[in-house]
Every structure is written in C-alpha cells, then in structure tokens.
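What follows is a set of notes on a single structure, which appears directly below.
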Amino acid sequence: MRTTTRLTLLVAPLMLAACDSNSEMAEHEGMEMDDSAMPGMHDGMEQGVSAKTASAKGTVTAIDTEAGTVTIDHEPVPELEWPQMIMAFDATEEVRGDVAVGDAITFEFSTGEEGNTVTSIAAQ
C-alpha cells in the first residue's frame with residue numbers, strides 16, 4: 001500500500017502538468033500542423049488547392065431533391081485519377097431538373113474541400 005501511495009503522489013502532478021500543457025497548446029493562435037504527422041488527412045487533396053473541374057459520362061441512378069444531389073454511375077475520370085464509380089454529387093434544382101433517373105449523360109463538375117458539385121449536365 002505504501003508503494004502505491006508513493007507512485008500516486010509522484011504520477012499525479014505529472015499527469016496534471018500534461019493536461020495543462022495540452023490546454024495551453026490548444027489556446028495558441030496561428031499554430032501550424034505538420035501534415036506528415038497525419039497521413040491521409042486530406043484524402044488525396046493538396047492543402048490550399050482550390051477546386052478542380054472535370055467532365056465525365058455516366059448514367060443517372062438517383063435524384064434526391066431533399067438532399068440536393070444527383071447520383072451518377074460515371075465512367076473513369078482520368079484527369080482526377082478516379083475509377084468508374086457510383087457517387088452522389090451536389091446539384092442545384094435547375095441541374096436536377098434537366099435529367100431523369102436512367103438518363104445517359106455528360107456532365108461537368110467541380111471537386112474540392114467543399115465536396116463534389118455538378119456544374120452542368122446534358123442528357124444524351
């Protein structure tokens with residue numbers, strides 16, 4: 001029991017100091033993180049890069065008016081190194097109104113930290 005008490009008396013101040021240290025670090029403004037400390041943090045996006053634009057062909061598989069999205073089964077997008085996949089894109093009411101589920105389409109979109117947004121779409 002005596003050893004346990006000594007260990008507690010030695011460790012408790014160190015633990016409190018560590019907690020205070022973390023709080024102080026969080027309060028500093030302008031701290032920069034080293035991205036290498038968190039691999040995959042940007043999921044392939046380069047920090048500070050604005051949205052990229054691309055175009056693709058595909059088929060509309062769903063339109064969700066509540067979420068404001070159109071889901072597209074699109075072909076590979078070489079300029080972004082994307083494989084063929086089915087994904088939902090944000091789309092304005094006007095863009096969603098230009099197509100129906102099952103339509104073969106060509107579309108242009110932007111992709112970036114804000115997400116993926118169809119900027120124009122045309123049924124084939």
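Each chain in the structure tokens gets a letter, A, B, ..., in the order shown, and its residues are numbered from 1; ligands are numbered from 1 in order too.
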I want to know what sits within 9 Å of Ala100 in chain A, based on only C-alpha atoms, with residues of the same chain fewer than 3 positions away left out; could you give that as a list of chain:residue names?
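Here the answer would be A:Val60, A:Thr61, A:Ala62, A:Ile63, A:Arg96, A:Gly97, A:Asp103, A:Ala123.
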Output C-alpha atoms for every residue in that selection, as a compact mmCIF listing (two decimals), in the first residue's frame.
```txt
# COMPACT_ATOMS: atom_id res chain seq x y z
CA VAL A 60 -28.21 9.00 -63.51
CA THR A 61 -29.11 6.39 -60.88
CA ALA A 62 -30.95 8.62 -58.36
CA ILE A 63 -32.13 12.16 -57.77
CA ARG A 96 -31.51 18.15 -61.17
CA GLY A 97 -34.50 19.20 -63.30
CA ASP A 103 -30.66 9.08 -68.46
CA ALA A 123 -28.89 14.06 -71.37
```
What residues in range 55-88 of chain A get the DSSP label strand (DSSP E or B)? Please answer as a ChimeraX atom specification.
/A:55-64,69-74,77,82,85-88
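Restricting the calculation to only C-alpha atoms, the smallest distance between Lys52 in chain A and any of A:Ile105, A:Met85, A:Val99, A:Glu79 is found for A:Glu79.
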I want to know what sits within 9 Å of Met87 in chain A, based on only C-alpha atoms, with residues of the same chain fewer than 2 positions away left out; could you give that as an MDAnalysis selection string?
chainID A and resid 70:74 85 89
Go ahead and compute the interatomic distance for CA of Ala122 in chain A and CA of Leu80 in chain A, in Å to one decimal.
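Computed distance, CA of Ala122 in chain A to CA of Leu80 in chain A, equals 20.8 Å.
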Mind checking which residues fall within 9 Å of Thr117 in chain A, counting only C-alpha atoms, ignoring those fewer than 6 positions away in the same chain, and posting them as a CSV table (one decimal) with N, CA and C atoms, in the first residue's frame?
```csv
chain,number,residue,atom,x,y,z
A,69,THR,N,-29.0,16.4,-54.3
A,69,THR,CA,-28.0,15.6,-55.0
A,69,THR,C,-28.5,14.8,-56.2
A,88,ALA,N,-22.7,10.3,-55.4
A,88,ALA,CA,-23.7,11.4,-55.3
A,88,ALA,C,-22.9,12.8,-55.5
A,89,PHE,N,-23.5,13.6,-56.3
A,89,PHE,CA,-22.9,15.0,-56.4
A,89,PHE,C,-24.0,16.0,-56.0
A,90,ASP,N,-23.5,17.1,-55.4
A,90,ASP,CA,-24.4,18.2,-55.1
A,90,ASP,C,-24.9,18.8,-56.4
A,91,ALA,N,-26.1,19.2,-56.5
A,91,ALA,CA,-26.6,19.8,-57.8
A,91,ALA,C,-27.8,20.7,-57.5
A,92,THR,N,-27.8,21.8,-58.2
A,92,THR,CA,-28.9,22.8,-58.0
A,92,THR,C,-30.2,22.2,-58.5
A,108,GLU,N,-20.3,18.2,-66.3
A,108,GLU,CA,-19.1,18.8,-65.8
A,108,GLU,C,-19.3,19.0,-64.3
A,109,PHE,N,-18.2,19.0,-63.6
A,109,PHE,CA,-18.3,19.1,-62.1
A,109,PHE,C,-17.1,19.7,-61.5
A,110,SER,N,-17.2,20.2,-60.3
A,110,SER,CA,-16.0,20.7,-59.6
A,110,SER,C,-15.9,19.8,-58.3
A,111,THR,N,-14.6,19.6,-57.9
A,111,THR,CA,-14.4,18.8,-56.7
A,111,THR,C,-13.3,19.4,-55.9
```
Taking only C-alpha atoms into account, name the residue in A:Ala51, A:Ala56, A:Val101, A:Val118 that is nearest to Glu75 in chain A.
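Nearest to Glu75 in chain A: A:Ala56.
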